[in-house]
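Trainee: Have a peek at coords.cif (mmCIF, C-alpha atoms and all ligand atoms).
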data_protein
#
loop_
_atom_site.label_atom_id
_atom_site.label_comp_id
_atom_site.auth_asym_id
_atom_site.auth_seq_id
_atom_site.Cartn_x
_atom_site.Cartn_y
_atom_site.Cartn_z
CA MET A 1 -27.13 122.15 -120.28
CA SER A 2 -30.00 119.71 -120.01
CA SER A 3 -32.95 121.62 -121.39
CA ILE A 4 -36.60 120.59 -121.52
CA GLU A 5 -36.02 120.22 -125.26
CA THR A 6 -33.57 117.34 -124.93
CA HIS A 7 -35.59 115.70 -122.19
CA ALA A 8 -38.63 115.55 -124.42
CA LYS A 9 -36.84 113.23 -126.80
CA ASP A 10 -36.05 110.72 -124.20
CA ALA A 11 -35.62 107.05 -123.50
CA GLY A 12 -39.13 106.22 -124.67
CA TYR A 13 -38.75 108.15 -127.90
CA TRP A 14 -35.46 106.52 -128.83
CA ALA A 15 -36.66 103.06 -127.86
CA GLY A 16 -39.62 103.62 -130.18
CA GLN A 17 -37.33 104.58 -133.05
CA MET A 18 -35.24 101.51 -132.40
CA VAL A 19 -38.27 99.22 -132.34
CA ALA A 20 -39.15 100.55 -135.80
CA VAL A 21 -35.64 99.68 -136.96
CA SER A 22 -35.82 96.29 -135.33
CA CYS A 23 -39.26 95.26 -136.63
CA LYS A 24 -39.50 97.08 -139.95
CA ARG A 25 -35.89 97.91 -140.73
CA ASP A 26 -37.06 101.49 -140.97
CA ARG A 27 -34.24 103.54 -142.46
CA ASP A 28 -35.69 106.90 -141.49
CA SER A 29 -35.88 105.89 -137.86
CA PHE A 30 -32.37 104.58 -138.05
CA MET A 31 -31.06 107.82 -139.53
CA ARG A 32 -32.80 109.81 -136.77
CA ILE A 33 -30.91 107.69 -134.27
CA TYR A 34 -27.76 108.15 -136.29
CA ASP A 35 -28.07 111.92 -136.48
CA HIS A 36 -28.64 112.23 -132.77
CA PHE A 37 -26.18 109.70 -131.41
CA ALA A 38 -23.27 109.60 -133.86
CA PRO A 39 -21.79 112.95 -132.71
CA ARG A 40 -22.21 111.89 -129.08
CA VAL A 41 -20.59 108.50 -129.56
CA GLN A 42 -17.76 110.18 -131.42
CA LEU A 43 -17.22 112.62 -128.58
CA TYR A 44 -17.23 109.77 -126.09
CA LEU A 45 -14.63 107.82 -128.09
CA LYS A 46 -12.43 110.87 -128.41
CA GLY A 47 -12.62 111.32 -124.65
CA LEU A 48 -11.31 107.78 -124.27
CA GLY A 49 -8.22 108.85 -126.18
CA SER A 50 -9.01 107.88 -129.75
CA SER A 51 -7.73 110.15 -132.49
CA GLU A 52 -10.30 112.06 -134.50
CA ALA A 53 -9.99 109.57 -137.37
CA VAL A 54 -10.30 106.47 -135.19
CA ALA A 55 -13.21 107.94 -133.24
CA GLU A 56 -14.95 108.65 -136.53
CA GLU A 57 -14.34 105.15 -137.85
CA LEU A 58 -15.46 103.40 -134.67
CA THR A 59 -18.55 105.59 -134.47
CA GLN A 60 -19.61 104.52 -137.94
CA GLU A 61 -18.90 100.93 -136.95
CA ALA A 62 -20.93 101.21 -133.74
CA LEU A 63 -23.96 102.65 -135.50
CA LEU A 64 -23.71 100.07 -138.25
CA ARG A 65 -23.79 97.31 -135.62
CA LEU A 66 -26.94 98.84 -134.23
CA TRP A 67 -28.48 98.39 -137.65
CA GLN A 68 -27.11 94.90 -138.18
CA ARG A 69 -28.12 93.56 -134.79
CA ALA A 70 -31.37 95.46 -134.51
CA GLU A 71 -33.40 92.30 -134.09
CA LEU A 72 -31.53 91.57 -130.85
CA TYR A 73 -32.68 94.85 -129.33
CA ASP A 74 -35.12 94.41 -126.47
CA ALA A 75 -36.59 97.68 -125.24
CA ALA A 76 -37.55 96.11 -121.92
CA ARG A 77 -33.99 95.05 -121.18
CA SER A 78 -32.00 98.13 -121.99
CA GLY A 79 -32.37 101.67 -123.16
CA LEU A 80 -31.02 102.47 -126.59
CA SER A 81 -28.27 104.67 -125.19
CA THR A 82 -27.14 101.87 -122.86
CA TRP A 83 -26.99 99.44 -125.75
CA LEU A 84 -25.04 101.88 -127.84
CA PHE A 85 -22.72 102.65 -124.95
CA ARG A 86 -21.89 98.95 -124.64
CA ILE A 87 -21.29 98.55 -128.36
CA ALA A 88 -19.04 101.62 -128.50
CA ARG A 89 -17.14 100.61 -125.37
CA ASN A 90 -16.55 97.08 -126.68
CA LEU A 91 -15.30 98.42 -130.01
CA HIS A 92 -12.97 100.75 -128.17
CA ILE A 93 -11.61 97.97 -125.95
CA ASP A 94 -11.06 95.68 -128.91
CA ARG A 95 -9.17 98.47 -130.63
CA VAL A 96 -6.85 99.39 -127.79
CA ARG A 97 -6.19 95.88 -126.49
CA ARG A 98 -3.23 94.79 -128.50
CA GLU A 99 -2.26 92.07 -126.02
CA PRO A 100 -2.39 88.65 -127.67
CA GLN A 101 -4.16 87.29 -124.58
CA TRP A 102 -7.03 89.70 -124.73
CA VAL A 103 -10.47 88.10 -124.99
CA PRO A 104 -13.54 90.31 -125.25
CA VAL A 105 -15.10 89.03 -122.03
CA GLN A 106 -17.85 91.65 -121.98
CA ASP A 107 -19.63 90.03 -124.91
CA ALA A 108 -19.59 86.63 -123.26
CA LEU A 109 -21.05 88.00 -120.01
CA GLU A 110 -23.89 89.64 -121.87
CA ARG A 111 -24.95 86.24 -123.15
CA LEU A 112 -25.23 84.76 -119.66
CA ASP A 113 -28.44 86.57 -118.81
CA GLU A 114 -30.59 85.89 -121.80
CA PRO A 115 -34.12 86.77 -120.81
CA GLU A 116 -35.34 83.87 -118.75
CA ASP A 117 -37.23 86.31 -116.54
CA ALA A 118 -39.71 88.73 -118.03
CA GLY A 119 -37.87 91.85 -116.86
CA PRO A 120 -39.45 95.25 -116.35
CA SER A 121 -42.03 96.67 -118.71
CA PRO A 122 -40.75 99.42 -121.02
CA ALA A 123 -42.79 101.96 -119.06
CA GLU A 124 -41.07 100.93 -115.85
CA SER A 125 -37.68 101.25 -117.43
CA TYR A 126 -38.42 104.76 -118.76
CA ALA A 127 -39.45 105.80 -115.27
CA GLU A 128 -36.22 104.35 -113.90
CA HIS A 129 -34.27 106.07 -116.61
CA ALA A 130 -35.77 109.44 -115.66
CA ASP A 131 -35.14 108.71 -111.99
CA LEU A 132 -31.51 107.81 -112.65
CA ARG A 133 -31.03 110.98 -114.70
CA ASN A 134 -32.31 113.05 -111.79
CA ARG A 135 -30.00 111.28 -109.42
CA ILE A 136 -27.00 111.94 -111.66
CA GLU A 137 -27.89 115.62 -111.81
CA ARG A 138 -28.08 115.82 -108.05
CA LEU A 139 -24.75 114.15 -107.30
CA PRO A 140 -22.35 116.20 -105.20
CA ALA A 141 -19.75 117.90 -107.40
CA THR A 142 -16.81 115.67 -106.52
CA GLN A 143 -18.77 112.46 -106.99
CA ALA A 144 -20.14 113.70 -110.32
CA ARG A 145 -16.64 114.58 -111.47
CA LEU A 146 -15.24 111.17 -110.50
CA ILE A 147 -18.08 109.36 -112.22
CA ARG A 148 -17.53 111.34 -115.41
CA MET A 149 -13.78 110.81 -115.35
CA SER A 150 -14.35 107.08 -114.89
CA TYR A 151 -16.71 106.77 -117.83
CA PHE A 152 -15.53 109.42 -120.23
CA GLU A 153 -11.81 109.33 -119.81
CA ALA A 154 -11.74 105.64 -118.85
CA LYS A 155 -9.09 106.44 -116.30
CA SER A 156 -7.96 103.96 -113.69
CA HIS A 157 -8.58 104.88 -110.05
CA GLN A 158 -4.86 105.36 -109.65
CA GLU A 159 -4.72 107.85 -112.53
CA ILE A 160 -7.73 109.74 -111.23
CA ALA A 161 -6.18 109.86 -107.78
CA GLY A 162 -2.95 111.23 -109.24
CA GLU A 163 -4.68 113.82 -111.35
CA LEU A 164 -6.90 115.15 -108.57
CA GLY A 165 -4.26 114.84 -105.86
CA MET A 166 -6.55 112.60 -103.81
CA PRO A 167 -5.57 109.40 -102.00
CA LEU A 168 -6.54 106.25 -103.90
CA GLY A 169 -8.75 105.04 -101.05
CA THR A 170 -10.70 108.31 -101.10
CA VAL A 171 -11.29 108.06 -104.85
CA LYS A 172 -12.62 104.54 -104.49
CA SER A 173 -14.87 105.24 -101.52
CA CYS A 174 -16.18 108.37 -103.23
CA LEU A 175 -17.01 106.39 -106.39
CA ARG A 176 -18.62 103.78 -104.23
CA ARG A 177 -20.87 106.35 -102.54
CA ALA A 178 -21.79 107.83 -105.92
CA PHE A 179 -22.73 104.43 -107.28
CA LEU A 180 -24.85 103.55 -104.25
CA ARG A 181 -26.60 106.91 -104.43
CA LEU A 182 -27.44 106.25 -108.09
CA GLN A 183 -28.68 102.79 -107.24
CA LEU A 184 -31.12 103.72 -104.48
CA GLY A 185 -34.24 103.96 -106.55
CA VAL A 186 -33.56 100.94 -108.69
CA ARG A 187 -35.68 97.87 -108.15
CA ARG A 188 -33.21 95.06 -107.67
CA GLY A 189 -33.31 92.29 -110.27
CA ALA A 190 -34.63 89.08 -108.74
CA MET B 1 -22.62 78.56 -105.19
CA THR B 2 -23.88 81.99 -104.20
CA PRO B 3 -20.95 84.32 -103.59
CA ARG B 4 -20.97 86.30 -100.36
CA HIS B 5 -18.04 88.59 -101.10
CA HIS B 6 -18.46 90.81 -104.11
CA LEU B 7 -16.75 93.27 -106.41
CA ASN B 8 -16.38 96.78 -105.09
CA GLU B 9 -18.63 99.40 -106.73
CA ALA B 10 -15.56 101.28 -107.94
CA THR B 11 -14.37 98.11 -109.70
CA LEU B 12 -17.76 97.60 -111.34
CA VAL B 13 -17.78 101.18 -112.62
CA SER B 14 -14.32 100.71 -114.12
CA PHE B 15 -15.31 97.39 -115.65
CA ALA B 16 -18.37 99.04 -117.21
CA ALA B 17 -16.27 101.93 -118.47
CA GLY B 18 -13.67 99.62 -120.01
CA ALA B 19 -10.99 101.15 -117.79
CA LEU B 20 -9.71 98.05 -115.99
CA SER B 21 -6.47 96.46 -117.12
CA PRO B 22 -6.83 93.17 -119.02
CA GLU B 23 -5.63 91.26 -115.95
CA MET B 24 -8.11 92.91 -113.56
CA THR B 25 -10.77 92.41 -116.22
CA ALA B 26 -10.01 88.68 -116.38
CA VAL B 27 -10.41 88.28 -112.60
CA ALA B 28 -13.50 90.50 -112.43
CA ALA B 29 -15.06 88.58 -115.32
CA THR B 30 -14.38 85.31 -113.51
CA HIS B 31 -16.37 86.64 -110.57
CA LEU B 32 -19.10 88.05 -112.79
CA GLU B 33 -19.49 84.69 -114.50
CA ALA B 34 -20.25 83.17 -111.11
CA CYS B 35 -22.31 85.99 -109.62
CA ARG B 36 -25.73 87.07 -110.80
CA ASP B 37 -25.80 89.79 -108.16
CA CYS B 38 -22.74 91.53 -109.55
CA ARG B 39 -24.03 91.10 -113.11
CA ASP B 40 -27.14 93.03 -112.08
CA ARG B 41 -25.00 95.76 -110.54
CA LEU B 42 -22.87 95.81 -113.68
CA ALA B 43 -26.01 96.31 -115.75
CA HIS B 44 -26.74 99.32 -113.59
CA ALA B 45 -23.24 100.67 -114.11
CA GLU B 46 -23.78 100.32 -117.86
CA ARG B 47 -27.08 102.18 -117.63
CA ILE B 48 -25.21 105.05 -116.02
CA GLY B 49 -22.76 104.95 -118.93
CA GLY B 50 -25.59 104.99 -121.45
CA LEU B 51 -27.24 107.90 -119.74
CA LEU B 52 -24.05 109.92 -119.65
CA LEU B 53 -23.48 109.09 -123.31
CA GLY B 54 -26.93 110.46 -124.18
CA GLN B 55 -26.24 113.61 -122.18
CA GLN B 56 -23.04 114.46 -124.02
CA GLN B 57 -23.22 117.93 -125.51
CA ALA B 58 -22.42 117.16 -129.10
CA ASN B 59 -20.57 120.04 -130.65
CA GLU B 60 -21.29 120.40 -134.32
CA LEU B 61 -18.78 118.83 -136.61
CA ASP B 62 -18.30 120.75 -139.77
CA THR B 63 -21.35 120.10 -141.85
CA ALA B 64 -19.59 118.90 -144.99
CA ARG B 65 -17.87 116.17 -143.07
CA ARG B 66 -21.06 115.13 -141.28
CA ALA B 67 -22.84 114.92 -144.62
CA ARG B 68 -20.13 112.73 -146.07
CA LEU B 69 -20.24 110.35 -143.09
CA ARG B 70 -24.01 110.26 -143.27
CA HIS B 71 -23.84 109.33 -146.92
CA GLU B 72 -21.32 106.64 -146.27
CA MET B 73 -23.58 105.20 -143.56
CA LEU B 74 -26.55 105.07 -145.90
CA ASP B 75 -24.48 103.18 -148.45
CA ARG B 76 -23.34 100.70 -145.85
CA LEU B 77 -26.92 100.05 -144.74
CA ASP B 78 -27.62 98.66 -148.20
CA GLU B 79 -24.59 96.47 -148.36
CA SER B 80 -25.09 95.12 -144.86
CA THR B 81 -28.74 94.29 -145.48
CA GLN B 82 -27.50 91.83 -148.05
CA SER B 83 -24.72 90.25 -146.01
CA ARG B 84 -26.44 90.49 -142.65
CA ARG B 85 -26.78 86.79 -142.17
CA ASP B 86 -23.17 85.76 -142.59
CA GLY B 87 -22.42 85.82 -138.92
CA THR B 88 -21.81 89.32 -137.68
CA ILE B 89 -21.56 87.95 -134.16
CA GLN B 90 -18.42 85.97 -133.76
CA THR B 91 -17.85 83.83 -130.75
CA ARG B 92 -14.40 82.72 -129.89
CA SER B 93 -14.16 78.99 -130.31
CA LEU B 94 -13.60 77.32 -126.98
CA ASP B 95 -10.98 74.69 -126.40
CA VAL B 96 -13.08 73.00 -123.74
CA SER B 97 -16.80 72.91 -123.23
CA PRO B 98 -18.01 75.24 -120.46
CA SER B 99 -19.47 72.26 -118.60
CA ASP B 100 -16.22 70.26 -118.52
CA PRO B 101 -15.17 70.06 -114.85
CA ASP B 102 -11.54 70.16 -115.98
CA GLY B 103 -12.09 73.50 -117.73
CA LEU B 104 -10.70 76.68 -116.18
CA PRO B 105 -13.08 79.64 -115.98
CA GLN B 106 -13.33 81.01 -119.47
CA PRO B 107 -11.83 84.47 -118.83
CA LEU B 108 -8.67 82.82 -117.48
CA GLN B 109 -8.08 80.37 -120.31
CA ALA B 110 -6.17 82.80 -122.49
CA TYR B 111 -3.67 83.29 -119.68
CA PHE B 112 -3.37 79.85 -118.11
CA GLY B 113 -4.55 77.42 -120.75
CA PRO B 114 -7.88 75.63 -121.03
CA THR B 115 -7.71 72.98 -118.29
CA TRP B 116 -6.84 72.43 -114.66
CA SER B 117 -5.01 69.23 -115.45
CA ALA B 118 -2.53 70.93 -117.77
CA LEU B 119 -1.48 73.60 -115.25
CA ARG B 120 2.21 73.53 -114.42
CA TRP B 121 2.55 74.68 -110.85
CA ARG B 122 5.83 76.04 -109.55
CA TRP B 123 6.86 75.58 -105.96
CA VAL B 124 7.68 78.91 -104.31
CA ALA B 125 7.61 78.19 -100.59
CA PRO B 126 6.50 75.32 -98.36
CA GLY B 127 2.84 74.77 -99.10
CA VAL B 128 2.72 77.49 -101.74
CA HIS B 129 2.60 76.94 -105.50
CA MET B 130 2.15 79.59 -108.10
CA ILE B 131 1.78 80.24 -111.81
CA ARG B 132 2.44 83.70 -113.12
CA ALA B 133 0.73 84.61 -116.38
CA ALA B 134 3.09 85.61 -119.16
CA HIS B 135 2.31 88.36 -121.66
CA THR B 136 0.57 90.66 -119.26
CA SER B 137 0.33 94.43 -119.39
CA ARG B 138 1.71 96.40 -116.45
CA ASP B 139 -0.39 94.45 -113.97
CA THR B 140 0.45 91.06 -112.53
CA LEU B 141 -1.79 88.03 -112.82
CA LEU B 142 -1.18 84.97 -110.63
CA LEU B 143 -2.72 81.62 -109.89
CA LEU B 144 -1.92 80.66 -106.30
CA LYS B 145 -2.34 77.28 -104.66
CA ILE B 146 -1.91 77.22 -100.92
CA ALA B 147 -1.93 74.04 -98.87
CA PRO B 148 -4.82 73.49 -96.43
CA GLY B 149 -4.58 74.80 -92.88
CA LYS B 150 -1.76 77.16 -93.68
CA SER B 151 -1.26 80.64 -92.36
CA MET B 152 -0.04 83.09 -94.96
CA PRO B 153 2.27 85.89 -93.91
CA VAL B 154 0.71 89.22 -93.03
CA HIS B 155 0.94 91.43 -96.04
CA SER B 156 -0.37 94.74 -97.23
CA HIS B 157 -0.90 96.28 -100.61
CA GLN B 158 0.31 99.42 -102.26
CA GLY B 159 -2.30 99.42 -104.96
CA THR B 160 -5.32 97.34 -105.78
CA GLU B 161 -5.47 93.60 -105.53
CA LEU B 162 -8.41 91.65 -106.86
CA THR B 163 -8.68 87.96 -105.96
CA GLN B 164 -11.25 85.37 -106.91
CA ILE B 165 -11.44 82.08 -105.00
CA LEU B 166 -11.64 79.09 -107.34
CA GLN B 167 -11.27 76.09 -104.99
CA GLY B 168 -10.88 75.51 -101.27
CA ALA B 169 -11.32 78.35 -98.82
CA TYR B 170 -9.57 80.74 -96.47
CA ASP B 171 -10.43 82.97 -93.55
CA ASP B 172 -9.09 86.37 -92.66
CA ALA B 173 -10.24 89.43 -90.75
CA LEU B 174 -12.74 90.18 -93.53
CA GLY B 175 -14.49 86.82 -93.23
CA HIS B 176 -14.69 83.39 -94.78
CA PHE B 177 -13.88 83.20 -98.49
CA SER B 178 -14.94 80.20 -100.55
CA PRO B 179 -15.32 79.42 -104.28
CA GLY B 180 -17.13 82.21 -106.11
CA ASP B 181 -16.11 84.88 -103.61
CA ALA B 182 -14.08 87.90 -104.62
CA ALA B 183 -11.68 89.79 -102.37
CA ASP B 184 -11.47 93.31 -103.75
CA LEU B 185 -8.78 94.99 -101.65
CA ASP B 186 -6.99 98.27 -101.71
CA ASN B 187 -4.01 99.76 -100.02
CA GLU B 188 -5.71 100.26 -96.68
CA THR B 189 -6.06 96.55 -96.13
CA GLU B 190 -3.54 94.48 -94.25
CA HIS B 191 -4.51 90.89 -93.89
CA GLN B 192 -3.37 87.41 -92.97
CA PRO B 193 -5.33 84.69 -94.71
CA ILE B 194 -5.45 81.22 -93.17
CA THR B 195 -6.50 78.47 -95.55
CA ALA B 196 -9.27 76.10 -94.47
CA PRO B 197 -8.43 72.48 -93.71
CA GLY B 198 -9.18 69.71 -96.17
CA MET B 199 -8.15 70.87 -99.61
CA PRO B 200 -5.74 73.42 -101.01
CA CYS B 201 -7.05 76.90 -101.66
CA ILE B 202 -6.66 77.97 -105.28
CA CYS B 203 -7.27 81.55 -106.25
CA VAL B 204 -6.50 83.89 -109.10
CA ALA B 205 -5.23 87.34 -108.25
CA ALA B 206 -4.51 90.46 -110.25
CA MET B 207 -2.52 93.29 -108.72
CA ASP B 208 -1.51 96.68 -110.03
CA ALA B 209 1.36 97.20 -107.61
CA PRO B 210 3.80 94.76 -106.08
CA LEU B 211 2.79 92.99 -102.90
CA ARG B 212 4.76 93.77 -99.82
CA PHE B 213 5.52 90.71 -97.76
CA PRO B 214 7.41 91.08 -94.53
CA GLY B 215 10.19 88.74 -93.56
CA TRP B 216 11.68 85.66 -95.09
CA LEU B 217 8.89 84.93 -97.54
CA ALA B 218 9.41 88.31 -99.11
CA ARG B 219 12.90 87.36 -100.15
CA LYS B 220 11.61 84.15 -101.65
CA LEU B 221 8.43 85.40 -103.25
CA GLN B 222 9.26 88.84 -104.44
CA PRO B 223 11.72 87.86 -107.16
CA LEU B 224 9.00 85.61 -108.54
CA VAL B 225 6.23 88.12 -108.22
CA GLY B 226 8.51 90.49 -110.05
CA LEU B 227 9.79 93.10 -107.62
ZN ZN C 301 -20.65 89.28 -106.78
#
Show me, as structure tokens, the structure contained in the file I just sent.
Ligand SMILES: [Zn+2]
Mentor:
Amino acid sequence: MSSIETHAKDAGYWAGQMVAVSCKRDRDSFMRIYDHFAPRVQLYLKGLGSSEAVAEELTQEALLRLWQRAELYDAARSGLSTWLFRIARNLHIDRVRREPQWVPVQDALERLDEPEDAGPSPAESYAEHADLRNRIERLPATQARLIRMSYFEAKSHQEIAGELGMPLGTVKSCLRRAFLRLQLGVRRGA
Amino acid sequence: MTPRHHLNEATLVSFAAGALSPEMTAVAATHLEACRDCRDRLAHAERIGGLLLGQQQANELDTARRARLRHEMLDRLDESTQSRRDGTIQTRSLDVSPSDPDGLPQPLQAYFGPTWSALRWRWVAPGVHMIRAAHTSRDTLLLLKIAPGKSMPVHSHQGTELTQILQGAYDDALGHFSPGDAADLDNETEHQPITAPGMPCICVAAMDAPLRFPGWLARKLQPLVGL
């Protein structure tokens, strides 16, 4: 489970590695990120239903984007794992959306909030990160399960409801409570 | 325009997770474009995703395979350092400028075309016009235009219905809904919107199950909504 060992290498550590990639194009730092995150991203993508081969390919692609877009990384705005999560999710969506109408709207939304406001200091965001992690660990079992199913199996509420034999309304209100509980300690953006 | 009715937390989590259908995504993105508040909450939902990603217990792949992938990555770092500047970030070219008042919200353009003026409304009932998006997945995506001061039939929902108000306004038991507002409803809601006087109310709605209208309008609308 979550040992002291893994906690030691935390948000601050990974943000530091990423800053080295961003400012100095430091390959060693990048490969440390790669070694740690690539297996996790791959597991995440497999959970979303990708085959082993596709998960492997998209993982390489996601990490390569991290390298290519390193100069866009802003430690004050998002943790490295959040950034990577968004990259991997967007790659996954682009892969599964075969509809001709599909437009990757997530990317466009991210550009709406370019840093006009200073945002939190990195130290603040590491503290928030630790706080959020604690809150996730303390979620009641059902809420924790629903949150994980939502993120790691990317299931619709209807599918989750069917699988757990719960009414749809209960699934949604339970997710809502979980989200609010995880939000409590967060300073609201102005 | 500061929206007063927002996306449900469950919807934001699904949006962050990439689990919403393309149609729900289009409506949610239309709201998010107009709502800084929900964008902040979305950022929080993405932080949760990032944290869970970091907490994954990575089981060891077989080491030979890992080594090969690692090698491949190192090679690609070299090649991409050289070609890094030739536009790795592609933006979809827009048909209309975002500031053009005739432009539809960007997430809807792929479904309904770029401009308001080119929309081809179909009459479905007195005071009600509609356009149903073609080429959708299982979900339905509709633009609805309802004449001012009109009472819509009471209806309820089997699944989830997500509506974003684009023009005009309506009132129902949940409050007053005007441009920028989202109505994020599930199957427990039964409501009867009444459009505000003055101008027609135009909204975009995605639904994952057919609407149930009682009475005469059902017979008229449901063939069009696809029951
Ligand atoms: Zn909102």
Trainee: For CA of Tyr73 in chain A and CA of Ser97 in chain B, quote the distance in Å rounded to one decimal.
Mentor: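 Rounded to one decimal, the two atoms are 27.8 Å apart.
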Trainee: Give the residues of chain A that lie within 6 Å of chain B; count only C-alpha atoms, and format the answer as a list in words.
Mentor: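 The complete set of qualifying residues is Pro39, Arg40, Ser81, Thr82, Phe85, Gln101, Tyr151, Ala154, Lys155, Ser156, Lys172, Leu175 and Arg176 of chain A.
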Trainee: Which residues are near ligand ZN 301 (chain C) - at most 6 Å, using only C-alpha atoms and all ligand atoms? Format: as a list in words.
Mentor: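 Selection of residues at most 6 Å from ligand ZN 301 (chain C): Pro3, His6, Leu7, Cys35, Asp37 and Cys38 of chain B.
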Trainee: For the selection you just gave me, I'd like the residues written to a file as an mmCIF file, keeping the file's coordinate frame, keeping C-alpha atoms.
Mentor:
data_model
loop_
_atom_site.group_PDB
_atom_site.id
_atom_site.type_symbol
_atom_site.label_atom_id
_atom_site.label_comp_id
_atom_site.auth_asym_id
_atom_site.auth_seq_id
_atom_site.Cartn_x
_atom_site.Cartn_y
_atom_site.Cartn_z
ATOM 1 C CA PRO B 3 -20.950 84.320 -103.590
ATOM 2 C CA HIS B 6 -18.460 90.810 -104.110
ATOM 3 C CA LEU B 7 -16.750 93.270 -106.410
ATOM 4 C CA CYS B 35 -22.310 85.990 -109.620
ATOM 5 C CA ASP B 37 -25.800 89.790 -108.160
ATOM 6 C CA CYS B 38 -22.740 91.530 -109.550
#
Trainee: Given the choices A:Phe152, A:Gln158, A:Val171, A:Leu182, which gets closest to Leu139 in chain A if the distance is worked out from all atoms listed in the file?
Mentor: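 Using all atoms listed in the file, the shortest distance to Leu139 in chain A belongs to A:Leu182.
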Trainee: Rounded to one decimal in Å, what is the spacing between CA of Phe37 in chain A and CA of Trp14 in chain A?
Mentor: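 A separation of 10.1 Å between them.
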Trainee: Between CA of Ser22 in chain A and CA of Ala38 in chain A, measure the distance and give it in Å to one decimal.
Mentor: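 Computing it gives 18.4 Å between the two atoms.
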Trainee: Identify which of the residues B:Arg68, B:Ala118, B:Ile165, B:Thr195 lies closest to Gly180 in chain B, counting only C-alpha atoms when measuring atom-to-atom distances.
Mentor: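 Checking each candidate against Gly180 in chain B, we get B:Ile165 as the closest.
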Trainee: Write out as a PyMOL selection string each polymer residue whose atoms come within 8 Å of Glu153 in chain A, counting all atoms listed in the file; drop sequence neighbours fewer than 4 positions from it.
Mentor: chain A and resi 47-49+148-149
Trainee: Hey, can you pull every residue with an atom no more than 9 Å from (-8.7, 73.1, -98.1), using all atoms listed in the file, and send it as an MDAnalysis selection string?
Mentor: chainID B and resid 146:149 167:170 195:202
Trainee: Would you mind exporting C-alpha atoms of the selected residues as a short mmCIF file (atom, residue, chain, number, x, y, z; two decimals), keeping the file's coordinate frame?
Mentor:
data_model
loop_
_atom_site.label_atom_id
_atom_site.label_comp_id
_atom_site.auth_asym_id
_atom_site.auth_seq_id
_atom_site.Cartn_x
_atom_site.Cartn_y
_atom_site.Cartn_z
CA ILE B 146 -1.91 77.22 -100.92
CA ALA B 147 -1.93 74.04 -98.87
CA PRO B 148 -4.82 73.49 -96.43
CA GLY B 149 -4.58 74.80 -92.88
CA GLN B 167 -11.27 76.09 -104.99
CA GLY B 168 -10.88 75.51 -101.27
CA ALA B 169 -11.32 78.35 -98.82
CA TYR B 170 -9.57 80.74 -96.47
CA THR B 195 -6.50 78.47 -95.55
CA ALA B 196 -9.27 76.10 -94.47
CA PRO B 197 -8.43 72.48 -93.71
CA GLY B 198 -9.18 69.71 -96.17
CA MET B 199 -8.15 70.87 -99.61
CA PRO B 200 -5.74 73.42 -101.01
CA CYS B 201 -7.05 76.90 -101.66
CA ILE B 202 -6.66 77.97 -105.28
#
Trainee: Using all atoms of range 21-30 of chain A that appear in the file, construct an axis-aligned enclosing box with 8 Å of padding on every side and provide its centre coordinates and edge lengths in Å, rounded to one decimal, as JSON.
Mentor:
{"center_x": -35.9, "center_y": 101.1, "center_z": -138.9, "size_x": 23.1, "size_y": 27.6, "size_z": 23.1}
Trainee: Can you tell me which residues surround Ile136 in chain A at a distance of at most 10 Å, considering all atoms listed in the file, apart from same-chain residues fewer than 2 positions away, and format the answer as a PyMOL selection string?
Mentor: (chain A and resi 130-134+138-140+143-144+147+178-179+181-182) or (chain B and resi 48+51-52)
Trainee: Would you save the residues from that selection as an mmCIF file, in the frame of the given file, using C-alpha atoms?
Mentor:
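Dumped everything to part17.cif:
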data_model
loop_
_atom_site.group_PDB
_atom_site.id
_atom_site.type_symbol
_atom_site.label_atom_id
_atom_site.label_comp_id
_atom_site.auth_asym_id
_atom_site.auth_seq_id
_atom_site.Cartn_x
_atom_site.Cartn_y
_atom_site.Cartn_z
ATOM 1 C CA ALA A 130 -35.770 109.440 -115.660
ATOM 2 C CA ASP A 131 -35.140 108.710 -111.990
ATOM 3 C CA LEU A 132 -31.510 107.810 -112.650
ATOM 4 C CA ARG A 133 -31.030 110.980 -114.700
ATOM 5 C CA ASN A 134 -32.310 113.050 -111.790
ATOM 6 C CA ARG A 138 -28.080 115.820 -108.050
ATOM 7 C CA LEU A 139 -24.750 114.150 -107.300
ATOM 8 C CA PRO A 140 -22.350 116.200 -105.200
ATOM 9 C CA GLN A 143 -18.770 112.460 -106.990
ATOM 10 C CA ALA A 144 -20.140 113.700 -110.320
ATOM 11 C CA ILE A 147 -18.080 109.360 -112.220
ATOM 12 C CA ALA A 178 -21.790 107.830 -105.920
ATOM 13 C CA PHE A 179 -22.730 104.430 -107.280
ATOM 14 C CA ARG A 181 -26.600 106.910 -104.430
ATOM 15 C CA LEU A 182 -27.440 106.250 -108.090
ATOM 16 C CA ILE B 48 -25.210 105.050 -116.020
ATOM 17 C CA LEU B 51 -27.240 107.900 -119.740
ATOM 18 C CA LEU B 52 -24.050 109.920 -119.650
#
